[in-house]
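Shown next: query22.cif, containing mmCIF, C-alpha atoms.
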```
data_run
#
loop_
_atom_site.group_PDB
_atom_site.id
_atom_site.type_symbol
_atom_site.label_atom_id
_atom_site.label_comp_id
_atom_site.auth_asym_id
_atom_site.auth_seq_id
_atom_site.Cartn_x
_atom_site.Cartn_y
_atom_site.Cartn_z
ATOM 1 C CA MET P 1 -57.301 72.002 56.100
ATOM 2 C CA ILE P 2 -55.326 71.972 59.358
ATOM 3 C CA LEU P 3 -53.287 74.989 60.459
ATOM 4 C CA VAL P 4 -50.276 74.154 62.650
ATOM 5 C CA THR P 5 -48.819 76.939 64.773
ATOM 6 C CA GLY P 6 -45.270 76.609 66.091
ATOM 7 C CA ALA P 7 -44.576 74.659 62.915
ATOM 8 C CA THR P 8 -40.792 74.839 63.269
ATOM 9 C CA GLY P 9 -40.748 73.969 66.994
ATOM 10 C CA ASN P 10 -40.144 70.660 68.749
ATOM 11 C CA VAL P 11 -43.769 69.529 68.614
ATOM 12 C CA GLY P 12 -45.107 71.493 65.653
ATOM 13 C CA SER P 13 -42.430 70.380 63.208
ATOM 14 C CA GLU P 14 -43.027 66.729 64.070
ATOM 15 C CA LEU P 15 -46.792 67.195 63.786
ATOM 16 C CA VAL P 16 -46.445 68.737 60.322
ATOM 17 C CA ARG P 17 -44.295 65.796 59.247
ATOM 18 C CA GLN P 18 -46.736 63.222 60.627
ATOM 19 C CA LEU P 19 -49.809 64.867 59.125
ATOM 20 C CA HIS P 20 -48.127 65.198 55.746
ATOM 21 C CA ALA P 21 -46.974 61.575 55.824
ATOM 22 C CA ALA P 22 -50.454 60.350 56.788
ATOM 23 C CA GLY P 23 -52.085 61.921 53.745
ATOM 24 C CA HIS P 24 -55.720 60.753 53.598
ATOM 25 C CA GLY P 25 -56.764 63.998 51.938
ATOM 26 C CA ILE P 26 -55.671 66.133 54.890
ATOM 27 C CA GLY P 27 -54.407 69.558 53.913
ATOM 28 C CA VAL P 28 -51.612 70.879 56.113
ATOM 29 C CA ARG P 29 -50.682 74.539 56.452
ATOM 30 C CA ALA P 30 -47.695 75.583 58.567
ATOM 31 C CA LEU P 31 -47.791 78.988 60.251
ATOM 32 C CA SER P 32 -44.609 80.998 60.693
ATOM 33 C CA ARG P 33 -43.580 84.606 61.185
ATOM 34 C CA ASP P 34 -40.927 83.941 58.534
ATOM 35 C CA ALA P 35 -42.422 81.967 55.665
ATOM 36 C CA ALA P 36 -39.126 81.681 53.789
ATOM 37 C CA ARG P 37 -37.323 80.122 56.752
ATOM 38 C CA ALA P 38 -40.221 77.798 57.533
ATOM 39 C CA GLY P 39 -40.531 76.757 53.911
ATOM 40 C CA ALA P 40 -37.040 75.312 54.012
ATOM 41 C CA ALA P 41 -37.871 73.316 57.144
ATOM 42 C CA VAL P 42 -41.208 71.692 56.259
ATOM 43 C CA PRO P 43 -41.740 68.743 53.899
ATOM 44 C CA ASP P 44 -42.317 69.422 50.219
ATOM 45 C CA GLY P 45 -46.002 69.857 49.549
ATOM 46 C CA VAL P 46 -46.828 71.522 52.859
ATOM 47 C CA GLU P 47 -48.256 74.989 52.445
ATOM 48 C CA VAL P 48 -46.586 77.717 54.508
ATOM 49 C CA ALA P 49 -48.530 80.763 55.684
ATOM 50 C CA GLU P 50 -47.001 83.853 57.227
ATOM 51 C CA GLY P 51 -48.560 85.318 60.342
ATOM 52 C CA ASP P 52 -47.772 86.521 63.854
ATOM 53 C CA LEU P 53 -49.595 85.028 66.846
ATOM 54 C CA GLY P 54 -48.939 88.298 68.635
ATOM 55 C CA ARG P 55 -51.095 90.114 66.061
ATOM 56 C CA ALA P 56 -54.282 88.152 65.563
ATOM 57 C CA GLU P 57 -55.306 90.419 62.698
ATOM 58 C CA SER P 58 -52.323 89.093 60.698
ATOM 59 C CA LEU P 59 -53.814 85.583 60.672
ATOM 60 C CA LYS P 60 -56.795 86.232 58.421
ATOM 61 C CA SER P 61 -55.190 84.760 55.305
ATOM 62 C CA ALA P 62 -53.609 81.854 57.175
ATOM 63 C CA LEU P 63 -56.977 80.887 58.682
ATOM 64 C CA GLY P 64 -58.828 80.944 55.379
ATOM 65 C CA GLY P 65 -60.465 77.571 54.747
ATOM 66 C CA VAL P 66 -59.064 76.077 57.965
ATOM 67 C CA ARG P 67 -61.276 73.654 59.852
ATOM 68 C CA SER P 68 -58.851 72.526 62.574
ATOM 69 C CA LEU P 69 -56.168 74.463 64.426
ATOM 70 C CA PHE P 70 -53.192 73.217 66.443
ATOM 71 C CA LEU P 71 -52.258 75.874 68.985
ATOM 72 C CA ILE P 72 -49.332 76.197 71.356
ATOM 73 C CA PRO P 73 -50.210 79.053 73.723
ATOM 74 C CA GLY P 74 -48.014 81.539 75.500
ATOM 75 C CA VAL P 75 -46.250 82.954 72.450
ATOM 76 C CA GLY P 76 -48.767 85.584 71.445
ATOM 77 C CA ASP P 77 -52.280 86.910 71.906
ATOM 78 C CA ASP P 78 -54.028 83.639 72.727
ATOM 79 C CA ALA P 79 -57.447 85.180 73.265
ATOM 80 C CA GLY P 80 -57.163 87.109 70.004
ATOM 81 C CA VAL P 81 -56.034 84.011 68.115
ATOM 82 C CA LEU P 82 -58.980 81.980 69.398
ATOM 83 C CA ASP P 83 -61.396 84.767 68.498
ATOM 84 C CA ALA P 84 -59.876 85.042 65.024
ATOM 85 C CA ALA P 85 -60.130 81.272 64.565
ATOM 86 C CA ARG P 86 -63.782 81.213 65.590
ATOM 87 C CA ASP P 87 -64.599 84.144 63.318
ATOM 88 C CA ALA P 88 -62.828 82.407 60.405
ATOM 89 C CA GLY P 89 -65.000 79.309 60.800
ATOM 90 C CA VAL P 90 -62.529 76.999 62.515
ATOM 91 C CA GLU P 91 -64.461 74.075 63.981
ATOM 92 C CA HIS P 92 -61.902 72.347 66.209
ATOM 93 C CA VAL P 93 -58.825 73.416 68.177
ATOM 94 C CA VAL P 94 -56.187 71.105 69.633
ATOM 95 C CA LEU P 95 -54.482 73.040 72.421
ATOM 96 C CA VAL P 96 -51.163 72.146 74.045
ATOM 97 C CA SER P 97 -51.531 73.137 77.690
ATOM 98 C CA SER P 98 -49.514 71.680 80.575
ATOM 99 C CA ILE P 99 -49.888 69.020 83.214
ATOM 100 C CA THR P 100 -49.137 71.782 85.729
ATOM 101 C CA VAL P 101 -52.768 72.918 85.592
ATOM 102 C CA MET P 102 -53.482 69.638 87.407
ATOM 103 C CA THR P 103 -50.431 69.496 89.651
ATOM 104 C CA HIS P 104 -49.538 73.137 90.454
ATOM 105 C CA PRO P 105 -52.544 75.325 89.553
ATOM 106 C CA HIS P 106 -51.301 78.081 91.874
ATOM 107 C CA LEU P 107 -48.195 78.773 89.777
ATOM 108 C CA GLY P 108 -48.263 81.645 87.302
ATOM 109 C CA PRO P 109 -47.607 79.626 84.107
ATOM 110 C CA ALA P 110 -50.256 77.091 85.122
ATOM 111 C CA ARG P 111 -52.778 79.850 85.741
ATOM 112 C CA ALA P 112 -52.053 81.260 82.288
ATOM 113 C CA ASN P 113 -52.551 77.852 80.651
ATOM 114 C CA LEU P 114 -55.770 77.292 82.549
ATOM 115 C CA ALA P 115 -57.076 80.677 81.385
ATOM 116 C CA VAL P 116 -56.460 79.691 77.745
ATOM 117 C CA GLU P 117 -58.165 76.333 78.280
ATOM 118 C CA ARG P 118 -61.223 78.097 79.686
ATOM 119 C CA ARG P 119 -61.268 80.593 76.842
ATOM 120 C CA LEU P 120 -61.211 77.743 74.331
ATOM 121 C CA ARG P 121 -63.988 75.801 76.053
ATOM 122 C CA GLU P 122 -66.154 78.923 76.087
ATOM 123 C CA SER P 123 -65.400 79.819 72.453
ATOM 124 C CA GLY P 124 -68.099 77.703 70.837
ATOM 125 C CA MET P 125 -65.502 75.689 68.893
ATOM 126 C CA GLU P 126 -64.900 72.022 69.564
ATOM 127 C CA TRP P 127 -61.723 71.314 71.462
ATOM 128 C CA THR P 128 -59.131 68.791 72.567
ATOM 129 C CA VAL P 129 -56.682 69.736 75.330
ATOM 130 C CA LEU P 130 -53.271 68.083 75.677
ATOM 131 C CA ARG P 131 -51.505 68.394 79.037
ATOM 132 C CA PRO P 132 -47.928 67.129 78.654
ATOM 133 C CA THR P 133 -45.424 66.799 81.458
ATOM 134 C CA GLN P 134 -41.725 67.775 81.208
ATOM 135 C CA PHE P 135 -40.397 67.537 77.625
ATOM 136 C CA ALA P 136 -37.428 65.284 76.875
ATOM 137 C CA SER P 137 -36.136 68.119 74.690
ATOM 138 C CA ASN P 138 -35.650 70.287 77.795
ATOM 139 C CA THR P 139 -32.316 68.519 78.204
ATOM 140 C CA LEU P 140 -31.048 70.509 75.228
ATOM 141 C CA TRP P 141 -30.325 73.095 77.942
ATOM 142 C CA TRP P 142 -27.364 70.864 78.797
ATOM 143 C CA ALA P 143 -25.962 70.673 75.276
ATOM 144 C CA GLN P 144 -23.090 73.124 75.641
ATOM 145 C CA SER P 145 -21.824 71.769 78.949
ATOM 146 C CA VAL P 146 -22.010 68.207 77.608
ATOM 147 C CA ARG P 147 -20.123 69.195 74.459
ATOM 148 C CA ASP P 148 -17.491 71.210 76.330
ATOM 149 C CA GLU P 149 -17.068 69.274 79.579
ATOM 150 C CA SER P 150 -19.147 66.074 79.449
ATOM 151 C CA VAL P 151 -20.895 67.401 82.565
ATOM 152 C CA VAL P 152 -24.489 68.152 83.486
ATOM 153 C CA ARG P 153 -25.105 70.529 86.402
ATOM 154 C CA VAL P 154 -28.673 70.403 87.629
ATOM 155 C CA PRO P 155 -30.750 70.771 90.801
ATOM 156 C CA TYR P 156 -32.842 67.849 92.061
ATOM 157 C CA ALA P 157 -30.590 65.433 90.171
ATOM 158 C CA ASP P 158 -32.291 62.326 91.552
ATOM 159 C CA VAL P 159 -35.943 63.355 91.172
ATOM 160 C CA GLY P 160 -37.460 61.258 88.411
ATOM 161 C CA LEU P 161 -40.317 62.627 86.306
ATOM 162 C CA PRO P 162 -42.130 60.802 83.463
ATOM 163 C CA THR P 163 -40.504 62.899 80.731
ATOM 164 C CA VAL P 164 -42.399 62.883 77.426
ATOM 165 C CA HIS P 165 -40.929 62.751 73.919
ATOM 166 C CA PRO P 166 -42.221 65.716 71.828
ATOM 167 C CA ALA P 167 -43.015 63.320 68.993
ATOM 168 C CA ASP P 168 -45.533 61.576 71.245
ATOM 169 C CA ILE P 169 -47.289 64.878 71.863
ATOM 170 C CA ALA P 170 -47.391 65.324 68.097
ATOM 171 C CA SER P 171 -48.732 61.804 67.605
ATOM 172 C CA VAL P 172 -51.615 62.388 70.005
ATOM 173 C CA ALA P 173 -52.305 65.752 68.360
ATOM 174 C CA ARG P 174 -52.348 64.091 64.937
ATOM 175 C CA ALA P 175 -54.893 61.532 66.133
ATOM 176 C CA ALA P 176 -57.053 64.272 67.634
ATOM 177 C CA LEU P 177 -56.896 66.389 64.478
ATOM 178 C CA ALA P 178 -57.561 63.520 62.084
ATOM 179 C CA GLY P 179 -60.664 62.060 63.725
ATOM 180 C CA PRO P 180 -63.719 63.244 65.685
ATOM 181 C CA GLY P 181 -63.429 60.764 68.549
ATOM 182 C CA HIS P 182 -61.134 62.976 70.615
ATOM 183 C CA ARG P 183 -63.199 66.127 70.718
ATOM 184 C CA GLY P 184 -64.182 67.321 74.164
ATOM 185 C CA ARG P 185 -61.357 65.302 75.725
ATOM 186 C CA THR P 186 -58.480 66.364 77.973
ATOM 187 C CA TYR P 187 -55.388 64.191 77.786
ATOM 188 C CA PRO P 188 -52.493 64.102 80.292
ATOM 189 C CA LEU P 189 -49.366 63.046 78.414
ATOM 190 C CA THR P 190 -46.259 61.449 79.911
ATOM 191 C CA GLY P 191 -43.439 59.174 78.918
ATOM 192 C CA PRO P 192 -43.420 55.459 79.758
ATOM 193 C CA GLN P 193 -41.539 55.757 83.062
ATOM 194 C CA ARG P 194 -39.954 58.218 85.452
ATOM 195 C CA ILE P 195 -36.389 59.215 84.710
ATOM 196 C CA SER P 196 -34.168 61.501 86.770
ATOM 197 C CA PRO P 197 -31.615 64.000 85.419
ATOM 198 C CA ARG P 198 -28.841 61.695 86.627
ATOM 199 C CA GLN P 199 -30.362 58.826 84.648
ATOM 200 C CA GLN P 200 -30.815 61.066 81.611
ATOM 201 C CA ALA P 201 -27.138 62.030 81.783
ATOM 202 C CA GLY P 202 -26.305 58.325 81.895
ATOM 203 C CA GLU P 203 -28.429 57.671 78.808
ATOM 204 C CA LEU P 204 -26.729 60.537 76.974
ATOM 205 C CA GLY P 205 -23.359 59.085 77.884
ATOM 206 C CA ARG P 206 -24.283 55.647 76.558
ATOM 207 C CA VAL P 207 -25.540 57.153 73.306
ATOM 208 C CA LEU P 208 -22.441 59.351 72.916
ATOM 209 C CA GLY P 209 -20.031 56.610 73.876
ATOM 210 C CA ARG P 210 -18.434 58.555 76.724
ATOM 211 C CA LYS P 211 -19.209 59.248 80.348
ATOM 212 C CA VAL P 212 -21.434 62.250 81.047
ATOM 213 C CA ALA P 213 -21.188 63.217 84.710
ATOM 214 C CA CYS P 214 -24.162 64.617 86.599
ATOM 215 C CA VAL P 215 -23.302 67.154 89.281
ATOM 216 C CA GLY P 216 -26.054 68.206 91.652
ATOM 217 C CA VAL P 217 -26.338 71.921 92.444
ATOM 218 C CA THR P 218 -28.540 73.733 94.928
ATOM 219 C CA ARG P 219 -31.680 75.581 93.989
ATOM 220 C CA GLU P 220 -29.943 78.797 94.986
ATOM 221 C CA GLU P 221 -27.113 78.080 92.536
ATOM 222 C CA ALA P 222 -29.457 77.140 89.717
ATOM 223 C CA TYR P 223 -31.827 80.085 90.094
ATOM 224 C CA PRO P 224 -29.818 83.144 88.856
ATOM 225 C CA PRO P 225 -29.041 81.939 85.298
ATOM 226 C CA MET P 226 -32.568 80.579 84.916
ATOM 227 C CA ALA P 227 -34.143 83.823 86.112
ATOM 228 C CA ALA P 228 -31.941 85.783 83.715
ATOM 229 C CA THR P 229 -33.288 83.855 80.714
ATOM 230 C CA MET P 230 -36.844 82.963 81.818
ATOM 231 C CA GLY P 231 -37.802 85.638 84.297
ATOM 232 C CA ALA P 232 -38.113 85.222 88.047
ATOM 233 C CA GLU P 233 -41.639 83.789 88.193
ATOM 234 C CA VAL P 234 -41.070 81.213 85.466
ATOM 235 C CA ALA P 235 -37.706 80.197 86.955
ATOM 236 C CA ASP P 236 -39.315 79.606 90.342
ATOM 237 C CA SER P 237 -42.082 77.592 88.706
ATOM 238 C CA VAL P 238 -39.659 75.451 86.703
ATOM 239 C CA LEU P 239 -37.574 74.735 89.781
ATOM 240 C CA ASP P 240 -40.686 73.683 91.693
ATOM 241 C CA LEU P 241 -41.623 71.341 88.881
ATOM 242 C CA MET P 242 -38.110 69.891 88.639
ATOM 243 C CA GLY P 243 -38.252 68.743 92.225
ATOM 244 C CA GLY P 244 -38.804 71.610 94.621
ATOM 245 C CA ASP P 245 -42.527 70.948 94.960
ATOM 246 C CA VAL P 246 -43.133 67.517 93.466
ATOM 247 C CA ASN P 247 -46.433 65.803 94.223
ATOM 248 C CA ASP P 248 -47.987 62.468 93.309
ATOM 249 C CA ALA P 249 -49.893 63.929 90.359
ATOM 250 C CA LEU P 250 -46.677 65.201 88.783
ATOM 251 C CA LEU P 251 -44.985 61.834 89.272
ATOM 252 C CA ALA P 252 -47.856 59.806 87.809
ATOM 253 C CA VAL P 253 -47.242 57.850 84.604
ATOM 254 C CA HIS P 254 -50.195 57.896 82.178
ATOM 255 C CA ASP P 255 -50.835 55.451 79.334
ATOM 256 C CA THR P 256 -52.568 58.087 77.172
ATOM 257 C CA VAL P 257 -50.063 57.918 74.316
ATOM 258 C CA ALA P 258 -50.532 54.187 73.883
ATOM 259 C CA ARG P 259 -54.313 54.355 74.221
ATOM 260 C CA VAL P 260 -54.735 57.178 71.699
ATOM 261 C CA THR P 261 -52.090 56.259 69.128
ATOM 262 C CA GLY P 262 -51.841 52.487 69.489
ATOM 263 C CA SER P 263 -48.073 52.739 69.975
ATOM 264 C CA PRO P 264 -46.201 52.819 73.294
ATOM 265 C CA ALA P 265 -44.740 56.087 74.507
ATOM 266 C CA ARG P 266 -41.132 56.630 73.450
ATOM 267 C CA PRO P 267 -38.504 56.390 76.214
ATOM 268 C CA TYR P 268 -35.934 59.125 76.856
ATOM 269 C CA ARG P 269 -33.235 56.906 75.303
ATOM 270 C CA ARG P 270 -35.052 57.186 71.959
ATOM 271 C CA TRP P 271 -34.978 60.982 72.116
ATOM 272 C CA ALA P 272 -31.293 60.960 73.079
ATOM 273 C CA GLU P 273 -30.432 58.727 70.103
ATOM 274 C CA GLU P 274 -32.346 60.969 67.714
ATOM 275 C CA ASN P 275 -30.720 64.159 69.023
ATOM 276 C CA ALA P 276 -27.208 62.975 69.850
ATOM 277 C CA ASP P 277 -25.573 65.373 67.397
ATOM 278 C CA ALA P 278 -26.653 68.337 69.536
ATOM 279 C CA PHE P 279 -24.401 67.041 72.327
ATOM 280 C CA ARG P 280 -21.350 66.088 70.241
#
```
Encoding of this model in structure tokens:
Amino acid sequence: MILVTGATGNVGSELVRQLHAAGHGIGVRALSRDAARAGAAVPDGVEVAEGDLGRAESLKSALGGVRSLFLIPGVGDDAGVLDAARDAGVEHVVLVSSITVMTHPHLGPARANLAVERRLRESGMEWTVLRPTQFASNTLWWAQSVRDESVVRVPYADVGLPTVHPADIASVARAALAGPGHRGRTYPLTGPQRISPRQQAGELGRVLGRKVACVGVTREEAYPPMAATMGAEVADSVLDLMGGDVNDALLAVHDTVARVTGSPARPYRRWAEENADAFR
């Protein structure tokens, strides 16, 4: 039995679908704070368990009989969740961390991810750590302005990062959960090539059949709305990672997806085609 946290999110929902489709005797249990809502979103035949990552004690039932756990940190009591998993007999945890622990370890979010990684490695459970770069789905932030104005306003418009499709993160997680060969491994995950916000806007335009303009703004202009929704520290960190403090490690393209899954990493165009309705 595999327990998937974040089962209705960008990565978790795709992982649930892939695990269910793969079959091979794998039991899949989707964790949600709202079992009724999650039940309508997961494939038929997937068990849904209710629990709150912010209250590790609420996970006892969900963890019953689970041997592998997929965990996205930062949404609850990570230390408590790992302790509860160990106490319930979980043998293996696949953790989604961030490539920022390699590229910007001084930033607050990276420090938090690194602390969870260390806690997992010291837990006594087997582990696999995934360190993805910027998600292609982050461009959903642009959805309203694209729908209303066919415009994207973004800082560092010409800085290209190797954006990763969330489904590729799920595919690597599925491989790690389904077989023992990935235990004790740390995987950096990127897309197949660098792509800048201006190029992403161009891809969206081609998919939508209309021009989507990309207007560069300054960091100072971008910061206030981001800080209002993310908090000051996270906003500063995100802006650094978008282009304010880019280094070679952040720009590097890794072939991990192809090596682990046997399929090439999906380009941003693929994500845009699959999610075009959000921008219409």
Gap from CA of Arg33 in chain P to CA of Leu177 in chain P - Å, one decimal: 22.8 Å
Near-range 209-218 of chain P list (8 Å; only C-alpha atoms; drop same-chain fewer than 5 positions) as a PyMOL selection string: chain P and resi 146+150-157+197-198+201-202+204
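Applied to the shown file, the PyMOL selection byres ((chain P and resi 10) around 12) selects the residues Thr5, Gly6, Ala7, Thr8, Gly9, Val11, Gly12, Ser13, Glu14, Leu15, Val16, Arg17, Ile72, Phe135, Ala136, Ser137, Asn138, Leu140, Val164, His165, Pro166, Ala167, Asp168, Ile169, Ala170, Trp271 and Asn275 of chain P.
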May I have the residues at most 9 Å from (-60.5, 78.6, 65.5) in the file's coordinates, counting only C-alpha atoms, as JSON, numbers by chain? {"P": [63, 66, 67, 68, 69, 81, 82, 83, 84, 85, 86, 87, 88, 89, 90, 91, 92, 93, 120, 123, 125, 126]}
Between CA of Ala265 in chain P and CA of His20 in chain P, measure the distance and give it in Å to one decimal. 21.1 Å
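The interatomic distance for the pair CA of Gly181 in chain P and CA of Leu114 in chain P works out to 23.0 Å.
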Under the PyMOL selection byres ((chain P and resi 219) around 12), which residues of this model are included? Write them out as a CSV table (one decimal) with C-alpha atoms, in the coordinates of the input.
```csv
chain,number,residue,atom,x,y,z
P,153,ARG,CA,-25.1,70.5,86.4
P,154,VAL,CA,-28.7,70.4,87.6
P,155,PRO,CA,-30.8,70.8,90.8
P,156,TYR,CA,-32.8,67.8,92.1
P,157,ALA,CA,-30.6,65.4,90.2
P,216,GLY,CA,-26.1,68.2,91.7
P,217,VAL,CA,-26.3,71.9,92.4
P,218,THR,CA,-28.5,73.7,94.9
P,220,GLU,CA,-29.9,78.8,95.0
P,221,GLU,CA,-27.1,78.1,92.5
P,222,ALA,CA,-29.5,77.1,89.7
P,223,TYR,CA,-31.8,80.1,90.1
P,224,PRO,CA,-29.8,83.1,88.9
P,225,PRO,CA,-29.0,81.9,85.3
P,226,MET,CA,-32.6,80.6,84.9
P,227,ALA,CA,-34.1,83.8,86.1
P,235,ALA,CA,-37.7,80.2,87.0
P,236,ASP,CA,-39.3,79.6,90.3
P,237,SER,CA,-42.1,77.6,88.7
P,238,VAL,CA,-39.7,75.5,86.7
P,239,LEU,CA,-37.6,74.7,89.8
P,240,ASP,CA,-40.7,73.7,91.7
P,241,LEU,CA,-41.6,71.3,88.9
P,242,MET,CA,-38.1,69.9,88.6
P,243,GLY,CA,-38.3,68.7,92.2
P,244,GLY,CA,-38.8,71.6,94.6
P,245,ASP,CA,-42.5,70.9,95.0
```
Counting all atoms listed in the file, the option among P:Arg194, P:Pro109, P:Arg147, P:Thr256 closest to Ala232 in chain P: P:Pro109
Which of these residues is nearest to Gly23 in chain P, using all atoms listed in the file: P:Pro132, P:Gly45, P:Gly54, P:Gly64? P:Gly45
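Within the file as shown, the PyMOL selection byres ((chain P and resi 179) around 12) identifies His24, Ile26, Ser68, His92, Val94, Thr128, Val172, Ala173, Arg174, Ala175, Ala176, Leu177, Ala178, Pro180, Gly181, His182, Arg183, Val260 and Thr261 of chain P.
For the residues P:Pro73, P:Ser58, P:Val4, P:Thr190, ranking by smallest atom-to-atom distance to Val42 in chain P using only C-alpha atoms places P:Val4 first.
Minimum atom-to-atom distances from P:Val46, P:Val234, P:Leu189, P:Val116 to Pro264 in chain P were compared using all atoms listed in the file, and the lowest value belongs to P:Leu189.
Using only C-alpha atoms for every distance, the candidate list P:Gly76, P:Ser98, P:Thr186, P:Gln134 yields P:Thr186 as the residue closest to Arg121 in chain P.
Counting only C-alpha atoms and comparing P:Gly262, P:Asp34, P:Met1, P:Ala112, the residue that lies closest to Ser171 in chain P is P:Gly262.
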